[in-house]
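Colleague: Below: one structure in structure tokens.
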Amino acid sequence: MDFSMIDWDDILQATLDTLTMTGVSLVFTILLGLPLGVLLFLTGKKQLLQQGALYALLSFVVNMLRSVPFIILLIVLIPLTLFLVGTSLGVAGTIPPLVIGTTPFFARLVENVLREVDKGIIEACQAMGAKTYQIILHVLLPEALPGLLAATTVTTIALVSYSAMSGVIGGGGLGDLALRFGYQRFQTEVMIVTVAILVILVQLFQWLGDVLVARFSRK
């Protein structure tokens, strides 16, 4: 194998594209998934805003979206992606399906994390007359912060994987480069380098997430 034949400018650009897709998608996933996860928790059984019908509806939608393989979701959402950003290709065309694919995943993680918060603290705040929004902002989210950071780390790694998968429909980034050159043109060197970079990115994100979780878990 001759690694000198690799266009390293293409590798760098593909890496930056992958980071861009992951970063932008993560921001929107948190903005949408965090409130959805909180709502799932609050409307659940024996919770602050118990609403069986609403919880069942939200849970059904979340489970339905999570059950669709991302590669299929990419194709199904092409019309919506075209409507939202004007293209289904490249970095811009990949972000909408990434967000839609990971938001329900993140929301469910948030719900599970919030369930681990000590109910005694919530009951004590209720006894003192705290309103629901005060309990959410000053008790639930701060107490669950380490778990939320861990959930964000898992979601980030999933986004890296999904962004690579988007190369199948010309989504750009390392996945697209690996498919076009590593697979279709039989350039094994490109495939090895792109896989190595993806592994390094995942390791870095996991390390950073572990550091943040440890930092905010200290009493």
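Ordering of the structure tokens sets the chain letters (A, B, ...); residue numbers start at 1 within each chain; ligands are numbered from 1 in the order shown.
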Excluding Thr155 of chain A and residues on its chain fewer than 4 positions from it, collect all residues at most 8 Å away from it, counting only C-alpha atoms, and give them as a list in words.
Modeller: Leu26, Thr102, Phe105, Phe106, Ala151 and Leu159 of chain A
Colleague: Please list as a list in words every residue within 7 Å of segment 173-175 of chain A, counting only C-alpha atoms and excluding residues in the same chain fewer than 5 positions away.
Modeller: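 Residues near the query, excluding close chain neighbours: Ala14, Thr15, Asp17, Thr18, Ser163, Ala164, Met165, Ser166, Gly167 and Thr194 of chain A.
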Colleague: Take the residues just selected and output them with all heavy atoms as a PDB file, in the first residue's frame.
Modeller:
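The resulting file, again-v3.pdb, is reproduced below:
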ATOM      1  N   ALA A  14     -12.508  16.406   4.479  1.00  0.00           N
ATOM      2  CA  ALA A  14     -13.531  15.441   4.874  1.00  0.00           C
ATOM      3  C   ALA A  14     -13.650  15.367   6.396  1.00  0.00           C
ATOM      4  O   ALA A  14     -14.755  15.244   6.939  1.00  0.00           O
ATOM      5  CB  ALA A  14     -13.197  14.059   4.305  1.00  0.00           C
ATOM      6  N   THR A  15     -12.517  15.455   7.079  1.00  0.00           N
ATOM      7  CA  THR A  15     -12.532  15.447   8.545  1.00  0.00           C
ATOM      8  C   THR A  15     -13.246  16.685   9.081  1.00  0.00           C
ATOM      9  O   THR A  15     -14.058  16.595  10.009  1.00  0.00           O
ATOM     10  CB  THR A  15     -11.098  15.396   9.103  1.00  0.00           C
ATOM     11  OG1 THR A  15     -10.421  14.243   8.585  1.00  0.00           O
ATOM     12  CG2 THR A  15     -11.108  15.327  10.618  1.00  0.00           C
ATOM     13  N   ASP A  17     -15.486  18.419   7.518  1.00  0.00           N
ATOM     14  CA  ASP A  17     -16.907  18.265   7.198  1.00  0.00           C
ATOM     15  C   ASP A  17     -17.603  17.371   8.223  1.00  0.00           C
ATOM     16  O   ASP A  17     -18.727  17.659   8.658  1.00  0.00           O
ATOM     17  CB  ASP A  17     -17.075  17.677   5.798  1.00  0.00           C
ATOM     18  CG  ASP A  17     -16.753  18.679   4.697  1.00  0.00           C
ATOM     19  OD1 ASP A  17     -16.647  19.887   5.006  1.00  0.00           O
ATOM     20  OD2 ASP A  17     -16.582  18.249   3.533  1.00  0.00           O
ATOM     21  N   THR A  18     -16.938  16.288   8.594  1.00  0.00           N
ATOM     22  CA  THR A  18     -17.512  15.381   9.593  1.00  0.00           C
ATOM     23  C   THR A  18     -17.681  16.080  10.934  1.00  0.00           C
ATOM     24  O   THR A  18     -18.715  15.936  11.604  1.00  0.00           O
ATOM     25  CB  THR A  18     -16.617  14.132   9.763  1.00  0.00           C
ATOM     26  OG1 THR A  18     -16.624  13.372   8.553  1.00  0.00           O
ATOM     27  CG2 THR A  18     -17.106  13.255  10.902  1.00  0.00           C
ATOM     28  N   SER A 163     -22.965  10.222  10.614  1.00  0.00           N
ATOM     29  CA  SER A 163     -22.435  11.122   9.594  1.00  0.00           C
ATOM     30  C   SER A 163     -21.594  10.343   8.579  1.00  0.00           C
ATOM     31  O   SER A 163     -21.598  10.651   7.382  1.00  0.00           O
ATOM     32  CB  SER A 163     -21.591  12.230  10.237  1.00  0.00           C
ATOM     33  OG  SER A 163     -20.400  11.707  10.814  1.00  0.00           O
ATOM     34  N   ALA A 164     -20.882   9.325   9.061  1.00  0.00           N
ATOM     35  CA  ALA A 164     -20.107   8.481   8.141  1.00  0.00           C
ATOM     36  C   ALA A 164     -21.044   7.675   7.245  1.00  0.00           C
ATOM     37  O   ALA A 164     -20.785   7.495   6.055  1.00  0.00           O
ATOM     38  CB  ALA A 164     -19.190   7.547   8.930  1.00  0.00           C
ATOM     39  N   MET A 165     -22.159   7.217   7.809  1.00  0.00           N
ATOM     40  CA  MET A 165     -23.130   6.439   7.040  1.00  0.00           C
ATOM     41  C   MET A 165     -23.780   7.272   5.940  1.00  0.00           C
ATOM     42  O   MET A 165     -24.193   6.756   4.902  1.00  0.00           O
ATOM     43  CB  MET A 165     -24.206   5.894   7.990  1.00  0.00           C
ATOM     44  CG  MET A 165     -24.971   4.708   7.460  1.00  0.00           C
ATOM     45  SD  MET A 165     -26.236   4.178   8.651  1.00  0.00           S
ATOM     46  CE  MET A 165     -25.222   3.864  10.096  1.00  0.00           C
ATOM     47  N   SER A 166     -23.870   8.595   6.162  1.00  0.00           N
ATOM     48  CA  SER A 166     -24.527   9.461   5.185  1.00  0.00           C
ATOM     49  C   SER A 166     -23.770   9.535   3.861  1.00  0.00           C
ATOM     50  O   SER A 166     -24.304  10.014   2.862  1.00  0.00           O
ATOM     51  CB  SER A 166     -24.677  10.877   5.756  1.00  0.00           C
ATOM     52  OG  SER A 166     -23.416  11.507   5.889  1.00  0.00           O
ATOM     53  N   GLY A 167     -22.530   9.041   3.848  1.00  0.00           N
ATOM     54  CA  GLY A 167     -21.771   9.016   2.607  1.00  0.00           C
ATOM     55  C   GLY A 167     -22.417   8.184   1.529  1.00  0.00           C
ATOM     56  O   GLY A 167     -22.151   8.369   0.332  1.00  0.00           O
ATOM     57  N   THR A 194      -9.368   6.806   6.650  1.00  0.00           N
ATOM     58  CA  THR A 194     -10.659   7.341   7.104  1.00  0.00           C
ATOM     59  C   THR A 194     -11.177   6.579   8.319  1.00  0.00           C
ATOM     60  O   THR A 194     -11.690   7.191   9.268  1.00  0.00           O
ATOM     61  CB  THR A 194     -11.700   7.288   5.975  1.00  0.00           C
ATOM     62  OG1 THR A 194     -11.782   5.957   5.453  1.00  0.00           O
ATOM     63  CG2 THR A 194     -11.336   8.238   4.857  1.00  0.00           C
TER      64      THR A 194
END
Colleague: What does the distance between atom CA of Gly93 of chain A and atom CA of Pro35 of chain A come to in Å, to one decimal place?
Modeller: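 Going from atom CA of Gly93 of chain A over to atom CA of Pro35 of chain A, I get 24.7 Å.
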Colleague: Considering only C-alpha atoms, state which residue in the set A:Leu57, A:Thr103, A:Ile200, A:Thr22 is at the smallest distance from Gly44 of chain A.
Modeller: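 Nearest candidate to Gly44 of chain A out of A:Leu57, A:Thr103, A:Ile200, A:Thr22: A:Leu57.
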Colleague: Within 12 Å of segment 124-138 of chain A, which residues of segment 34-110 of chain A come that close, and what is the closest atom pair and distance in Å for each? Count only C-alpha atoms and give it as JSON lines.
Modeller:
{"residue": "A:Leu34", "atom": "CA", "partner": "A:Ile136", "partner_atom": "CA", "distance": 11.6}
{"residue": "A:Pro35", "atom": "CA", "partner": "A:Ile136", "partner_atom": "CA", "distance": 10.5}
{"residue": "A:Gly37", "atom": "CA", "partner": "A:Ile136", "partner_atom": "CA", "distance": 11.9}
{"residue": "A:Val38", "atom": "CA", "partner": "A:Ile136", "partner_atom": "CA", "distance": 8.3}
{"residue": "A:Leu39", "atom": "CA", "partner": "A:Ile136", "partner_atom": "CA", "distance": 10.4}
{"residue": "A:Phe41", "atom": "CA", "partner": "A:Ile136", "partner_atom": "CA", "distance": 10.6}
{"residue": "A:Leu42", "atom": "CA", "partner": "A:Ile136", "partner_atom": "CA", "distance": 9.3}
{"residue": "A:Thr43", "atom": "CA", "partner": "A:Thr132", "partner_atom": "CA", "distance": 12.0}
{"residue": "A:Gln47", "atom": "CA", "partner": "A:Thr132", "partner_atom": "CA", "distance": 10.8}
{"residue": "A:Leu48", "atom": "CA", "partner": "A:Thr132", "partner_atom": "CA", "distance": 7.3}
{"residue": "A:Leu49", "atom": "CA", "partner": "A:Thr132", "partner_atom": "CA", "distance": 8.5}
